[in-house]
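A.B. asks: There's a structure below that I have some questions on.
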Amino acid sequence: MMKRLIPTFNRILVQRVIQPAKTESGILLPEKSSKLNSGKVIAVGPGSRDKDGKLIPVSVKEGDTVLLPEYGGTQVKLGEND
(Lines give C-alpha, C1' and ligand atoms only; values in the text may rest on other atoms or scores of the structure.)
Protein backbone atom coordinates (compact mmCIF):
# COMPACT_ATOMS: atom_id res chain seq x y z
CA MET A 1 0.00 0.00 0.00
CA MET A 2 1.41 3.38 -1.01
CA LYS A 3 1.16 6.43 1.18
CA ARG A 4 0.58 9.81 -0.36
CA LEU A 5 3.52 12.22 -0.35
CA ILE A 6 2.58 15.64 1.01
CA PRO A 7 5.17 18.41 0.56
CA THR A 8 5.88 20.75 3.46
CA PHE A 9 6.70 24.46 3.53
CA ASN A 10 7.53 25.84 0.06
CA ARG A 11 8.33 22.50 -1.61
CA ILE A 12 6.55 20.97 -4.58
CA LEU A 13 6.17 17.42 -5.91
CA VAL A 14 6.77 17.15 -9.67
CA GLN A 15 6.28 14.18 -11.99
CA ARG A 16 8.67 14.16 -14.94
CA VAL A 17 6.98 14.34 -18.35
CA ILE A 18 8.57 12.20 -21.06
CA GLN A 19 8.63 14.08 -24.34
CA PRO A 20 7.31 12.20 -27.39
CA ALA A 21 9.78 11.18 -30.12
CA LYS A 22 7.23 11.92 -32.85
CA THR A 23 4.58 14.63 -33.27
CA GLU A 24 0.92 13.84 -33.98
CA SER A 25 1.46 14.61 -37.67
CA GLY A 26 4.34 12.09 -37.88
CA ILE A 27 7.37 14.41 -37.78
CA LEU A 28 10.30 12.77 -36.00
CA LEU A 29 11.91 14.97 -33.36
CA PRO A 30 15.70 14.99 -32.81
CA GLU A 31 17.10 13.48 -29.61
CA LYS A 32 18.26 16.87 -28.33
CA SER A 33 14.69 18.13 -28.07
CA SER A 34 13.76 15.24 -25.76
CA LYS A 35 16.46 16.28 -23.27
CA LEU A 36 14.30 19.18 -22.11
CA ASN A 37 13.48 18.44 -18.48
CA SER A 38 9.90 19.37 -17.84
CA GLY A 39 7.37 18.07 -15.39
CA LYS A 40 3.84 18.39 -14.09
CA VAL A 41 3.22 19.68 -10.56
CA ILE A 42 1.44 16.96 -8.58
CA ALA A 43 1.34 18.50 -5.08
CA VAL A 44 2.23 21.87 -3.53
CA GLY A 45 3.17 22.73 0.05
CA PRO A 46 1.39 25.57 1.87
CA GLY A 47 4.33 27.98 1.54
CA SER A 48 6.95 29.46 3.82
CA ARG A 49 6.75 32.09 6.52
CA ASP A 50 8.52 35.42 6.64
CA LYS A 51 10.19 36.86 9.76
CA ASP A 52 6.85 38.33 10.94
CA GLY A 53 5.14 34.94 10.68
CA LYS A 54 3.02 35.77 7.64
CA LEU A 55 2.47 32.97 5.14
CA ILE A 56 4.11 33.45 1.73
CA PRO A 57 2.21 31.19 -0.71
CA VAL A 58 3.93 29.13 -3.40
CA SER A 59 3.70 30.68 -6.87
CA VAL A 60 2.80 27.44 -8.71
CA LYS A 61 -0.33 25.33 -8.37
CA GLU A 62 -1.21 21.70 -9.05
CA GLY A 63 -1.39 20.90 -12.74
CA ASP A 64 1.16 23.53 -13.85
CA THR A 65 4.00 22.50 -16.16
CA VAL A 66 7.45 23.52 -14.94
CA LEU A 67 11.04 23.20 -16.16
CA LEU A 68 13.37 21.13 -13.98
CA PRO A 69 17.06 21.77 -13.39
CA GLU A 70 19.38 19.04 -14.62
CA TYR A 71 20.95 18.32 -11.23
CA GLY A 72 18.40 19.84 -8.85
CA GLY A 73 15.79 18.39 -6.56
CA THR A 74 15.52 14.99 -4.92
CA GLN A 75 14.35 12.00 -6.93
CA VAL A 76 11.68 9.89 -5.22
CA LYS A 77 10.43 6.56 -6.51
CA LEU A 78 6.89 5.74 -5.45
CA GLY A 79 5.76 2.41 -6.85
CA GLU A 80 6.52 2.42 -10.58
CA ASN A 81 6.71 6.22 -10.90
CA ASP A 82 9.72 8.50 -10.45
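Following the order of the C-alpha coordinates, first chain is A, next is B, and so on, with residues numbered from 1 inside each chain and ligands from 1 in the order they appear.
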Which residues are near Asn81 (chain A)? Cut-off 10 Å, only C-alpha atoms, ignore same chain within fewer than 2 positions. Put them as an MDAnalysis selection string.
C.D. replies: chainID A and resid 15:16 76:79
A.B. asks: Please list as an NGL selection string every residue within 12 Å of Thr74 (chain A), counting only C-alpha atoms and excluding residues in the same chain fewer than 5 positions away.
C.D. replies: :A and (11-15 or 68-69 or 82)
A.B. asks: Find the residues around Pro46 (chain A) up to 7 Å (only C-alpha atoms counted), leave out those fewer than 5 positions away in its own chain, and share them as a list in words.
C.D. replies: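 Residues near the query, excluding close chain neighbours: Thr8, Phe9, Asn10, Pro57 and Val58 of chain A.
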A.B. asks: DSSP says helix (DSSP H, G or I) for which residues of chain A? Put them as an MDAnalysis selection string?
C.D. replies: chainID A and resid 31:35
A.B. asks: I'd like to know which residues of chain A are strand (DSSP E or B) (by DSSP, run on the backbone); could you write them as a PyMOL selection string?
C.D. replies: chain A and resi 12-17+22+28+38-44+48-49+55-56+65-67+78+81
A.B. asks: For a test of reading the model, state the distance in Å between CA of Val60 (chain A) and CA of Ser48 (chain A), rounded to one decimal.
C.D. replies: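 Atom-to-atom, CA of Val60 (chain A) to CA of Ser48 (chain A), that is 13.4 Å.
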A.B. asks: With only C-alpha atoms as the basis for distance, which of A:Tyr71, A:Val66, A:Pro7, A:Lys22 is at the shortest distance from Gly47 (chain A)?
C.D. replies: A:Pro7
A.B. asks: Considering only C-alpha atoms, can you say which of A:Gly72, A:Asp64, A:Arg49, A:Ser59 comes closest to Val17 (chain A)?
C.D. replies: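 Checking each candidate against Val17 (chain A), we get A:Asp64 as the closest.
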A.B. asks: Can you tell me how far CA of Thr23 (chain A) sits from CA of Glu70 (chain A), in Å to one decimal?
C.D. replies: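 A separation of 24.2 Å between them.
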A.B. asks: For a test of reading the model, state the distance in Å between CA of Asn37 (chain A) and CA of Thr65 (chain A), rounded to one decimal.
C.D. replies: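 Distance between the two atoms: 10.6 Å.
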